[in-house]
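A short worksheet on the structure shown next.
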Amino acid sequence: MAGRLDGKIAIVTGTATGIGSAIARLFVDEGAKVYATDVKDPGDKLAAALKAHPAALRFAKLDVRSEEGWAAALAACTKAFGAPNVLVNNAGIGSTHKPVHEETVEMMRANFEVNVIGMFLGMKTVIPGMIEMGGGSIVNVASVWGWTGIKNNVAYQTAKAAAVMLSKNAAVTYAPHNIRINCVLPGYVDTPMSRTVTEEDAKMLMEFTPLGRRAEPEEMAPMFVFLASDESSFVAAANFMNDGGMSAL
């Protein structure tokens with residue numbers, strides 16, 4: 001039976017755990033070849049998938065802040081599978097949930113370096129090849145907090161808002177080359193990052209989610225399959241809320 005991503009070659013960042021791991025695993029299940037990356041070692045679920053699918057799934061360390069690292073990742077992916085026609089910029093970091101007058105310059109810079117510059121470098125690296133091959137799909141991961149306001153958390157929220165506009169700018173720029181760039185904005189998802197929030201913040205996030213619960217990473221992944229597949233051939237420059245209704249409040 002044909003998979004929805006047969007013929008797709010994807011680089012996916014931030015795959016060690018959480019949403020990125022779920023994306024990489026589902027992509028392989030749907031027929032894609034996946035070059036998965038992270039600064040951390042693979043978690044249990046991705047490690048198991050690497051053993052189960054050695055011909056379709058590879059993993060390598062990548063610091064998305066490094067232009068040289070991105071060039072090496074592209075070369076390794078191309079050698080293993082061929083030139084990528086899909087990129088998922090999922091890697092990201094959180095912040096200290098502080099307001100402007102308490103946040104540090106270092107935390108602001110860290111969030112922009114990973115959540116924005118890392119995304120920029122990923123697109124900068126793969127887009128020339130996508131232009132040459134006649135198209136591709138890029139899916140960037142921002143956050144509902146890059147779309148709607150919330151008190152404090154200034155570093156993360158500002159960087160994720162920049163990621164939304166970076167995605168929109170690139171989308172309208174490269175659509176004439178048949179490169180479809182879209183942005184997914186998750187809400188409260190059960191990931192290692194979300195587990196670091198305080199009990200008070202966890203309660204607030206739950207109250208802000210009309211569905212009344214946090215999502216599992218595996219509930220995020222199908223949207224990425226759709227956006228990477230030919231099923232979304234007329235979808236470009238869009239923002240997809242996957243937030244349990246949070247952005248409607």
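Chain labels run A, B, ... following the order of the structure tokens; each chain numbers its residues from 1, and ligands are numbered from 1 in the order shown.
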
Could you pull out the alpha helix (DSSP H) residues of stretch 17-202 of chain A, going by DSSP on the backbone, and write them as a PDB file with N, CA and C atoms, in the first residue's frame?
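Final output, states06.pdb:
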```pdb
ATOM      1  N   GLY A  18       9.547  14.488  21.787  1.00  0.00           N
ATOM      2  CA  GLY A  18       8.429  15.398  21.567  1.00  0.00           C
ATOM      3  C   GLY A  18       7.867  15.406  20.161  1.00  0.00           C
ATOM      4  N   ILE A  19       7.473  16.591  19.709  1.00  0.00           N
ATOM      5  CA  ILE A  19       6.818  16.743  18.410  1.00  0.00           C
ATOM      6  C   ILE A  19       7.719  16.285  17.273  1.00  0.00           C
ATOM      7  N   GLY A  20       8.997  16.650  17.321  1.00  0.00           N
ATOM      8  CA  GLY A  20       9.909  16.283  16.252  1.00  0.00           C
ATOM      9  C   GLY A  20      10.065  14.786  16.103  1.00  0.00           C
ATOM     10  N   SER A  21      10.157  14.085  17.218  1.00  0.00           N
ATOM     11  CA  SER A  21      10.240  12.625  17.171  1.00  0.00           C
ATOM     12  C   SER A  21       8.989  12.032  16.538  1.00  0.00           C
ATOM     13  N   ALA A  22       7.826  12.535  16.927  1.00  0.00           N
ATOM     14  CA  ALA A  22       6.566  12.035  16.373  1.00  0.00           C
ATOM     15  C   ALA A  22       6.486  12.294  14.872  1.00  0.00           C
ATOM     16  N   ILE A  23       6.963  13.457  14.431  1.00  0.00           N
ATOM     17  CA  ILE A  23       6.952  13.790  13.000  1.00  0.00           C
ATOM     18  C   ILE A  23       7.851  12.833  12.231  1.00  0.00           C
ATOM     19  N   ALA A  24       9.082  12.664  12.696  1.00  0.00           N
ATOM     20  CA  ALA A  24      10.030  11.799  11.993  1.00  0.00           C
ATOM     21  C   ALA A  24       9.494  10.379  11.866  1.00  0.00           C
ATOM     22  N   ARG A  25       8.924   9.860  12.955  1.00  0.00           N
ATOM     23  CA  ARG A  25       8.427   8.485  12.944  1.00  0.00           C
ATOM     24  C   ARG A  25       7.232   8.315  12.019  1.00  0.00           C
ATOM     25  N   LEU A  26       6.307   9.276  12.023  1.00  0.00           N
ATOM     26  CA  LEU A  26       5.136   9.163  11.153  1.00  0.00           C
ATOM     27  C   LEU A  26       5.522   9.369   9.693  1.00  0.00           C
ATOM     28  N   PHE A  27       6.463  10.250   9.432  1.00  0.00           N
ATOM     29  CA  PHE A  27       6.931  10.443   8.058  1.00  0.00           C
ATOM     30  C   PHE A  27       7.451   9.127   7.483  1.00  0.00           C
ATOM     31  N   VAL A  28       8.254   8.410   8.258  1.00  0.00           N
ATOM     32  CA  VAL A  28       8.791   7.135   7.792  1.00  0.00           C
ATOM     33  C   VAL A  28       7.659   6.132   7.572  1.00  0.00           C
ATOM     34  N   ASP A  29       6.708   6.100   8.486  1.00  0.00           N
ATOM     35  CA  ASP A  29       5.569   5.196   8.331  1.00  0.00           C
ATOM     36  C   ASP A  29       4.777   5.495   7.059  1.00  0.00           C
ATOM     37  N   ASP A  44      13.874   7.361  23.543  1.00  0.00           N
ATOM     38  CA  ASP A  44      13.548   5.947  23.360  1.00  0.00           C
ATOM     39  C   ASP A  44      12.737   5.677  22.099  1.00  0.00           C
ATOM     40  N   LYS A  45      11.733   6.505  21.825  1.00  0.00           N
ATOM     41  CA  LYS A  45      10.854   6.251  20.686  1.00  0.00           C
ATOM     42  C   LYS A  45      11.593   6.411  19.360  1.00  0.00           C
ATOM     43  N   LEU A  46      12.408   7.456  19.248  1.00  0.00           N
ATOM     44  CA  LEU A  46      13.157   7.644  18.009  1.00  0.00           C
ATOM     45  C   LEU A  46      14.242   6.578  17.876  1.00  0.00           C
ATOM     46  N   ALA A  47      14.883   6.233  18.974  1.00  0.00           N
ATOM     47  CA  ALA A  47      15.912   5.185  18.938  1.00  0.00           C
ATOM     48  C   ALA A  47      15.331   3.872  18.433  1.00  0.00           C
ATOM     49  N   ALA A  48      14.136   3.538  18.884  1.00  0.00           N
ATOM     50  CA  ALA A  48      13.483   2.314  18.418  1.00  0.00           C
ATOM     51  C   ALA A  48      13.168   2.390  16.936  1.00  0.00           C
ATOM     52  N   ALA A  49      12.720   3.551  16.486  1.00  0.00           N
ATOM     53  CA  ALA A  49      12.409   3.735  15.065  1.00  0.00           C
ATOM     54  C   ALA A  49      13.666   3.639  14.206  1.00  0.00           C
ATOM     55  N   LEU A  50      14.782   4.152  14.708  1.00  0.00           N
ATOM     56  CA  LEU A  50      16.040   4.075  13.969  1.00  0.00           C
ATOM     57  C   LEU A  50      16.455   2.618  13.760  1.00  0.00           C
ATOM     58  N   LYS A  51      16.237   1.785  14.755  1.00  0.00           N
ATOM     59  CA  LYS A  51      16.558   0.365  14.636  1.00  0.00           C
ATOM     60  C   LYS A  51      15.590  -0.348  13.692  1.00  0.00           C
ATOM     61  N   ALA A  52      14.324   0.073  13.718  1.00  0.00           N
ATOM     62  CA  ALA A  52      13.304  -0.596  12.909  1.00  0.00           C
ATOM     63  C   ALA A  52      13.366  -0.202  11.437  1.00  0.00           C
ATOM     64  N   GLU A  67      25.658  27.580  10.458  1.00  0.00           N
ATOM     65  CA  GLU A  67      25.521  27.504   9.003  1.00  0.00           C
ATOM     66  C   GLU A  67      26.344  26.350   8.448  1.00  0.00           C
ATOM     67  N   GLU A  68      27.525  26.126   9.028  1.00  0.00           N
ATOM     68  CA  GLU A  68      28.361  25.008   8.596  1.00  0.00           C
ATOM     69  C   GLU A  68      27.684  23.671   8.929  1.00  0.00           C
ATOM     70  N   GLY A  69      27.029  23.620  10.078  1.00  0.00           N
ATOM     71  CA  GLY A  69      26.313  22.413  10.451  1.00  0.00           C
ATOM     72  C   GLY A  69      25.190  22.096   9.484  1.00  0.00           C
ATOM     73  N   TRP A  70      24.487  23.121   9.063  1.00  0.00           N
ATOM     74  CA  TRP A  70      23.408  22.930   8.099  1.00  0.00           C
ATOM     75  C   TRP A  70      23.944  22.431   6.755  1.00  0.00           C
ATOM     76  N   ALA A  71      25.070  22.990   6.316  1.00  0.00           N
ATOM     77  CA  ALA A  71      25.662  22.543   5.052  1.00  0.00           C
ATOM     78  C   ALA A  71      26.052  21.068   5.136  1.00  0.00           C
ATOM     79  N   ALA A  72      26.602  20.670   6.284  1.00  0.00           N
ATOM     80  CA  ALA A  72      26.982  19.268   6.466  1.00  0.00           C
ATOM     81  C   ALA A  72      25.757  18.358   6.492  1.00  0.00           C
ATOM     82  N   ALA A  73      24.675  18.821   7.131  1.00  0.00           N
ATOM     83  CA  ALA A  73      23.446  18.032   7.186  1.00  0.00           C
ATOM     84  C   ALA A  73      22.852  17.839   5.798  1.00  0.00           C
ATOM     85  N   LEU A  74      22.859  18.892   4.988  1.00  0.00           N
ATOM     86  CA  LEU A  74      22.344  18.786   3.623  1.00  0.00           C
ATOM     87  C   LEU A  74      23.173  17.793   2.816  1.00  0.00           C
ATOM     88  N   ALA A  75      24.493  17.886   2.951  1.00  0.00           N
ATOM     89  CA  ALA A  75      25.367  16.979   2.203  1.00  0.00           C
ATOM     90  C   ALA A  75      25.148  15.538   2.637  1.00  0.00           C
ATOM     91  N   ALA A  76      25.006  15.305   3.946  1.00  0.00           N
ATOM     92  CA  ALA A  76      24.815  13.943   4.455  1.00  0.00           C
ATOM     93  C   ALA A  76      23.467  13.378   4.035  1.00  0.00           C
ATOM     94  N   CYS A  77      22.428  14.197   4.090  1.00  0.00           N
ATOM     95  CA  CYS A  77      21.098  13.752   3.659  1.00  0.00           C
ATOM     96  C   CYS A  77      21.114  13.392   2.177  1.00  0.00           C
ATOM     97  N   THR A  78      21.740  14.252   1.374  1.00  0.00           N
ATOM     98  CA  THR A  78      21.796  14.022  -0.073  1.00  0.00           C
ATOM     99  C   THR A  78      22.555  12.750  -0.395  1.00  0.00           C
ATOM    100  N   LYS A  79      23.636  12.488   0.340  1.00  0.00           N
ATOM    101  CA  LYS A  79      24.416  11.272   0.126  1.00  0.00           C
ATOM    102  C   LYS A  79      23.618  10.028   0.514  1.00  0.00           C
ATOM    103  N   ALA A  80      22.863  10.129   1.607  1.00  0.00           N
ATOM    104  CA  ALA A  80      22.125   8.969   2.105  1.00  0.00           C
ATOM    105  C   ALA A  80      20.871   8.671   1.292  1.00  0.00           C
ATOM    106  N   VAL A 105      19.249  39.913  28.291  1.00  0.00           N
ATOM    107  CA  VAL A 105      19.637  39.998  26.889  1.00  0.00           C
ATOM    108  C   VAL A 105      20.067  38.621  26.393  1.00  0.00           C
ATOM    109  N   GLU A 106      20.738  37.869  27.248  1.00  0.00           N
ATOM    110  CA  GLU A 106      21.213  36.541  26.867  1.00  0.00           C
ATOM    111  C   GLU A 106      20.062  35.613  26.499  1.00  0.00           C
ATOM    112  N   MET A 107      18.965  35.660  27.276  1.00  0.00           N
ATOM    113  CA  MET A 107      17.824  34.807  26.974  1.00  0.00           C
ATOM    114  C   MET A 107      17.115  35.256  25.701  1.00  0.00           C
ATOM    115  N   MET A 108      17.021  36.560  25.490  1.00  0.00           N
ATOM    116  CA  MET A 108      16.433  37.057  24.243  1.00  0.00           C
ATOM    117  C   MET A 108      17.258  36.579  23.056  1.00  0.00           C
ATOM    118  N   ARG A 109      18.563  36.709  23.148  1.00  0.00           N
ATOM    119  CA  ARG A 109      19.433  36.289  22.048  1.00  0.00           C
ATOM    120  C   ARG A 109      19.348  34.791  21.808  1.00  0.00           C
ATOM    121  N   ALA A 110      19.332  34.016  22.888  1.00  0.00           N
ATOM    122  CA  ALA A 110      19.258  32.565  22.740  1.00  0.00           C
ATOM    123  C   ALA A 110      17.993  32.150  22.005  1.00  0.00           C
ATOM    124  N   ASN A 111      16.866  32.765  22.363  1.00  0.00           N
ATOM    125  CA  ASN A 111      15.608  32.425  21.698  1.00  0.00           C
ATOM    126  C   ASN A 111      15.624  32.802  20.224  1.00  0.00           C
ATOM    127  N   PHE A 112      16.180  33.946  19.903  1.00  0.00           N
ATOM    128  CA  PHE A 112      16.233  34.341  18.497  1.00  0.00           C
ATOM    129  C   PHE A 112      17.224  33.485  17.720  1.00  0.00           C
ATOM    130  N   GLY A 118      17.934  29.766  13.477  1.00  0.00           N
ATOM    131  CA  GLY A 118      17.999  28.355  13.094  1.00  0.00           C
ATOM    132  C   GLY A 118      17.030  28.031  11.973  1.00  0.00           C
ATOM    133  N   MET A 119      15.826  28.579  12.049  1.00  0.00           N
ATOM    134  CA  MET A 119      14.816  28.385  11.003  1.00  0.00           C
ATOM    135  C   MET A 119      15.264  29.041   9.698  1.00  0.00           C
ATOM    136  N   PHE A 120      15.786  30.245   9.810  1.00  0.00           N
ATOM    137  CA  PHE A 120      16.304  30.972   8.645  1.00  0.00           C
ATOM    138  C   PHE A 120      17.398  30.166   7.946  1.00  0.00           C
ATOM    139  N   LEU A 121      18.347  29.640   8.721  1.00  0.00           N
ATOM    140  CA  LEU A 121      19.454  28.892   8.135  1.00  0.00           C
ATOM    141  C   LEU A 121      18.970  27.606   7.471  1.00  0.00           C
ATOM    142  N   GLY A 122      17.973  26.950   8.073  1.00  0.00           N
ATOM    143  CA  GLY A 122      17.431  25.754   7.450  1.00  0.00           C
ATOM    144  C   GLY A 122      16.861  26.051   6.072  1.00  0.00           C
ATOM    145  N   MET A 123      16.073  27.110   5.985  1.00  0.00           N
ATOM    146  CA  MET A 123      15.491  27.472   4.693  1.00  0.00           C
ATOM    147  C   MET A 123      16.567  27.934   3.716  1.00  0.00           C
ATOM    148  N   LYS A 124      17.499  28.741   4.193  1.00  0.00           N
ATOM    149  CA  LYS A 124      18.586  29.234   3.338  1.00  0.00           C
ATOM    150  C   LYS A 124      19.381  28.077   2.737  1.00  0.00           C
ATOM    151  N   THR A 125      19.525  27.007   3.510  1.00  0.00           N
ATOM    152  CA  THR A 125      20.320  25.866   3.068  1.00  0.00           C
ATOM    153  C   THR A 125      19.607  25.019   2.022  1.00  0.00           C
ATOM    154  N   VAL A 126      18.317  24.757   2.211  1.00  0.00           N
ATOM    155  CA  VAL A 126      17.633  23.805   1.320  1.00  0.00           C
ATOM    156  C   VAL A 126      16.940  24.467   0.131  1.00  0.00           C
ATOM    157  N   ILE A 127      16.608  25.745   0.223  1.00  0.00           N
ATOM    158  CA  ILE A 127      15.827  26.379  -0.842  1.00  0.00           C
ATOM    159  C   ILE A 127      16.534  26.358  -2.195  1.00  0.00           C
ATOM    160  N   PRO A 128      17.841  26.632  -2.298  1.00  0.00           N
ATOM    161  CA  PRO A 128      18.450  26.564  -3.641  1.00  0.00           C
ATOM    162  C   PRO A 128      18.238  25.222  -4.330  1.00  0.00           C
ATOM    163  N   GLY A 129      18.365  24.129  -3.590  1.00  0.00           N
ATOM    164  CA  GLY A 129      18.138  22.809  -4.177  1.00  0.00           C
ATOM    165  C   GLY A 129      16.697  22.593  -4.566  1.00  0.00           C
ATOM    166  N   MET A 130      15.775  23.104  -3.755  1.00  0.00           N
ATOM    167  CA  MET A 130      14.358  22.979  -4.089  1.00  0.00           C
ATOM    168  C   MET A 130      14.022  23.773  -5.350  1.00  0.00           C
ATOM    169  N   ILE A 131      14.623  24.935  -5.496  1.00  0.00           N
ATOM    170  CA  ILE A 131      14.415  25.716  -6.720  1.00  0.00           C
ATOM    171  C   ILE A 131      14.889  24.912  -7.930  1.00  0.00           C
ATOM    172  N   GLU A 132      16.056  24.296  -7.794  1.00  0.00           N
ATOM    173  CA  GLU A 132      16.635  23.530  -8.893  1.00  0.00           C
ATOM    174  C   GLU A 132      15.777  22.331  -9.274  1.00  0.00           C
ATOM    175  N   MET A 133      15.178  21.672  -8.265  1.00  0.00           N
ATOM    176  CA  MET A 133      14.372  20.485  -8.556  1.00  0.00           C
ATOM    177  C   MET A 133      12.925  20.823  -8.906  1.00  0.00           C
ATOM    178  N   VAL A 154       8.460  36.870  27.495  1.00  0.00           N
ATOM    179  CA  VAL A 154       8.714  37.785  26.390  1.00  0.00           C
ATOM    180  C   VAL A 154       9.697  37.219  25.373  1.00  0.00           C
ATOM    181  N   ALA A 155      10.742  36.514  25.818  1.00  0.00           N
ATOM    182  CA  ALA A 155      11.751  36.033  24.878  1.00  0.00           C
ATOM    183  C   ALA A 155      11.159  35.005  23.914  1.00  0.00           C
ATOM    184  N   TYR A 156      10.467  34.023  24.459  1.00  0.00           N
ATOM    185  CA  TYR A 156       9.881  32.970  23.642  1.00  0.00           C
ATOM    186  C   TYR A 156       8.796  33.518  22.729  1.00  0.00           C
ATOM    187  N   GLN A 157       7.910  34.332  23.297  1.00  0.00           N
ATOM    188  CA  GLN A 157       6.788  34.817  22.515  1.00  0.00           C
ATOM    189  C   GLN A 157       7.241  35.707  21.366  1.00  0.00           C
ATOM    190  N   THR A 158       8.203  36.570  21.620  1.00  0.00           N
ATOM    191  CA  THR A 158       8.683  37.472  20.573  1.00  0.00           C
ATOM    192  C   THR A 158       9.397  36.700  19.472  1.00  0.00           C
ATOM    193  N   ALA A 159      10.210  35.716  19.855  1.00  0.00           N
ATOM    194  CA  ALA A 159      10.914  34.927  18.852  1.00  0.00           C
ATOM    195  C   ALA A 159       9.942  34.113  17.999  1.00  0.00           C
ATOM    196  N   LYS A 160       8.933  33.538  18.628  1.00  0.00           N
ATOM    197  CA  LYS A 160       7.967  32.742  17.870  1.00  0.00           C
ATOM    198  C   LYS A 160       7.118  33.624  16.946  1.00  0.00           C
ATOM    199  N   ALA A 161       6.856  34.861  17.361  1.00  0.00           N
ATOM    200  CA  ALA A 161       6.155  35.799  16.468  1.00  0.00           C
ATOM    201  C   ALA A 161       7.025  36.123  15.260  1.00  0.00           C
ATOM    202  N   ALA A 162       8.322  36.268  15.488  1.00  0.00           N
ATOM    203  CA  ALA A 162       9.242  36.504  14.377  1.00  0.00           C
ATOM    204  C   ALA A 162       9.279  35.303  13.440  1.00  0.00           C
ATOM    205  N   ALA A 163       9.173  34.105  13.999  1.00  0.00           N
ATOM    206  CA  ALA A 163       9.157  32.899  13.172  1.00  0.00           C
ATOM    207  C   ALA A 163       7.933  32.866  12.263  1.00  0.00           C
ATOM    208  N   VAL A 164       6.801  33.344  12.770  1.00  0.00           N
ATOM    209  CA  VAL A 164       5.589  33.415  11.952  1.00  0.00           C
ATOM    210  C   VAL A 164       5.808  34.337  10.757  1.00  0.00           C
ATOM    211  N   MET A 165       6.377  35.510  10.991  1.00  0.00           N
ATOM    212  CA  MET A 165       6.589  36.451   9.887  1.00  0.00           C
ATOM    213  C   MET A 165       7.687  35.979   8.949  1.00  0.00           C
ATOM    214  N   LEU A 166       8.719  35.339   9.485  1.00  0.00           N
ATOM    215  CA  LEU A 166       9.758  34.770   8.627  1.00  0.00           C
ATOM    216  C   LEU A 166       9.148  33.750   7.676  1.00  0.00           C
ATOM    217  N   SER A 167       8.259  32.927   8.184  1.00  0.00           N
ATOM    218  CA  SER A 167       7.593  31.924   7.353  1.00  0.00           C
ATOM    219  C   SER A 167       6.742  32.581   6.272  1.00  0.00           C
ATOM    220  N   LYS A 168       6.009  33.606   6.651  1.00  0.00           N
ATOM    221  CA  LYS A 168       5.142  34.290   5.690  1.00  0.00           C
ATOM    222  C   LYS A 168       5.968  34.970   4.595  1.00  0.00           C
ATOM    223  N   ASN A 169       7.055  35.633   4.998  1.00  0.00           N
ATOM    224  CA  ASN A 169       7.915  36.313   4.026  1.00  0.00           C
ATOM    225  C   ASN A 169       8.497  35.320   3.030  1.00  0.00           C
ATOM    226  N   ALA A 170       9.038  34.210   3.549  1.00  0.00           N
ATOM    227  CA  ALA A 170       9.629  33.217   2.666  1.00  0.00           C
ATOM    228  C   ALA A 170       8.567  32.576   1.770  1.00  0.00           C
ATOM    229  N   ALA A 171       7.381  32.379   2.323  1.00  0.00           N
ATOM    230  CA  ALA A 171       6.320  31.721   1.560  1.00  0.00           C
ATOM    231  C   ALA A 171       5.938  32.509   0.310  1.00  0.00           C
ATOM    232  N   VAL A 172       5.748  33.811   0.465  1.00  0.00           N
ATOM    233  CA  VAL A 172       5.341  34.609  -0.695  1.00  0.00           C
ATOM    234  C   VAL A 172       6.514  34.825  -1.651  1.00  0.00           C
ATOM    235  N   THR A 173       7.725  34.762  -1.139  1.00  0.00           N
ATOM    236  CA  THR A 173       8.905  34.935  -1.981  1.00  0.00           C
ATOM    237  C   THR A 173       9.140  33.730  -2.885  1.00  0.00           C
ATOM    238  N   TYR A 174       8.964  32.526  -2.330  1.00  0.00           N
ATOM    239  CA  TYR A 174       9.343  31.322  -3.072  1.00  0.00           C
ATOM    240  C   TYR A 174       8.174  30.543  -3.643  1.00  0.00           C
ATOM    241  N   GLU A 199       3.575  24.578  38.218  1.00  0.00           N
ATOM    242  CA  GLU A 199       2.223  24.050  38.396  1.00  0.00           C
ATOM    243  C   GLU A 199       1.186  25.126  38.101  1.00  0.00           C
ATOM    244  N   GLU A 200       1.486  26.361  38.476  1.00  0.00           N
ATOM    245  CA  GLU A 200       0.567  27.475  38.210  1.00  0.00           C
ATOM    246  C   GLU A 200       0.416  27.716  36.718  1.00  0.00           C
ATOM    247  N   ASP A 201       1.547  27.693  35.990  1.00  0.00           N
ATOM    248  CA  ASP A 201       1.485  27.902  34.546  1.00  0.00           C
ATOM    249  C   ASP A 201       0.778  26.741  33.851  1.00  0.00           C
ATOM    250  N   ALA A 202       0.998  25.522  34.325  1.00  0.00           N
ATOM    251  CA  ALA A 202       0.329  24.361  33.738  1.00  0.00           C
ATOM    252  C   ALA A 202      -1.187  24.481  33.890  1.00  0.00           C
TER     253      ALA A 202
END
```

>> So that I can check the secondary structure, give me every residue of stretch 154-239 of chain A assigned strand (DSSP E) by backbone DSSP, as a ChimeraX atom specification.
In response: /A:179-186,239

Grab the residues selected above and save them as a CSV table (one decimal), in the first residue's frame with C-alpha atoms.
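What follows is the written file out-v5.csv:
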```csv
chain,number,residue,atom,x,y,z
A,179,ILE,CA,8.1,25.9,-2.9
A,180,ARG,CA,5.2,25.8,-0.4
A,181,ILE,CA,6.1,27.2,3.0
A,182,ASN,CA,3.6,27.0,5.8
A,183,CYS,CA,3.7,27.4,9.6
A,184,VAL,CA,2.2,25.2,12.4
A,185,LEU,CA,1.5,26.9,15.7
A,186,PRO,CA,1.1,24.2,18.4
A,239,ASN,CA,-0.7,29.4,9.6
```

> Within 10 Å of A:His101, counting only C-alpha atoms, which residues qualify if same-chain residues fewer than 2 places away don't, as number ranges by chain?
Replying inline: A: 98-99, 103-104, 152, 154

>> I need the residue nearest A:Ile9 from this list: A:Leu62, A:Leu249, A:Val189, A:Val34. Use only C-alpha atoms for the distance.
In response: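 Of all the options, A:Val34 lies closest to A:Ile9.
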
> Rounded to one decimal in Å, what is the spacing between atom CA of A:Gly245 and atom CA of A:Glu231?
Replying inline: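 Atom CA of A:Glu231 lies 24.2 Å from atom CA of A:Gly245.
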
> Near A:Arg213, counting only C-alpha atoms, which residues have an atom at most 9 Å away, once you skip same-chain residues fewer than 5 positions from it, shown as a PyMOL selection string?
Replying inline: chain A and resi 188-189+205-207+244

> Which of these residues is nearest to A:Asp230, using only C-alpha atoms: A:Ile11, A:Ala56, A:Val144, A:Val86?
Replying inline: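 Result for the nearest residue to A:Asp230: A:Val86.
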
> Hey, which of A:Met193, A:Met220, A:Val64, A:Leu5 ends up closest to A:Gly94? Count only C-alpha atoms.
Replying inline: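 Of the candidates, the smallest distance to A:Gly94 is held by A:Met193.
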
> Which residue out of A:Gly187, A:Glu113, A:Lys203, A:Asn178 has the minimum interatomic distance to A:Ala215 when only C-alpha atoms are used?
Replying inline: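 With only C-alpha atoms as the atom set, the closest residue is A:Gly187.
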
> Which one is closest to A:Leu57: A:Glu218, A:Arg4, A:Ala10, A:Ala236? Count only C-alpha atoms.
Replying inline: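 Using only C-alpha atoms, A:Leu57 sits closest to A:Ala10.
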
> How far is it from atom CA of A:Pro217 to atom CA of A:Arg195, in Å with one decimal?
Replying inline: 12.9 Å

>> So that I can see what lies close to A:Met246, please list as number ranges by chain the residues with an atom at most 7 Å from it, counting only C-alpha atoms and leaving out residues fewer than 5 positions away in the same chain.
In response: A: 187, 208-210

If you keep C-alpha atoms, can you produce a file of those selected residues as a JSON list (two decimals), in the first residue's frame?
```
[["chain", "number", "residue", "atom", "x", "y", "z"],
["A", 187, "GLY", "CA", -0.61, 24.92, 21.75],
["A", 208, "PHE", "CA", -6.69, 28.49, 28.17],
["A", 209, "THR", "CA", -7.31, 25.32, 26.13],
["A", 210, "PRO", "CA", -11.01, 24.85, 25.27]]
```

> What does the distance between atom CA of A:Thr13 and atom CA of A:Thr196 come to in Å, to one decimal place?
Replying inline: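 Result for atom CA of A:Thr13 versus atom CA of A:Thr196: 20.8 Å, one decimal.
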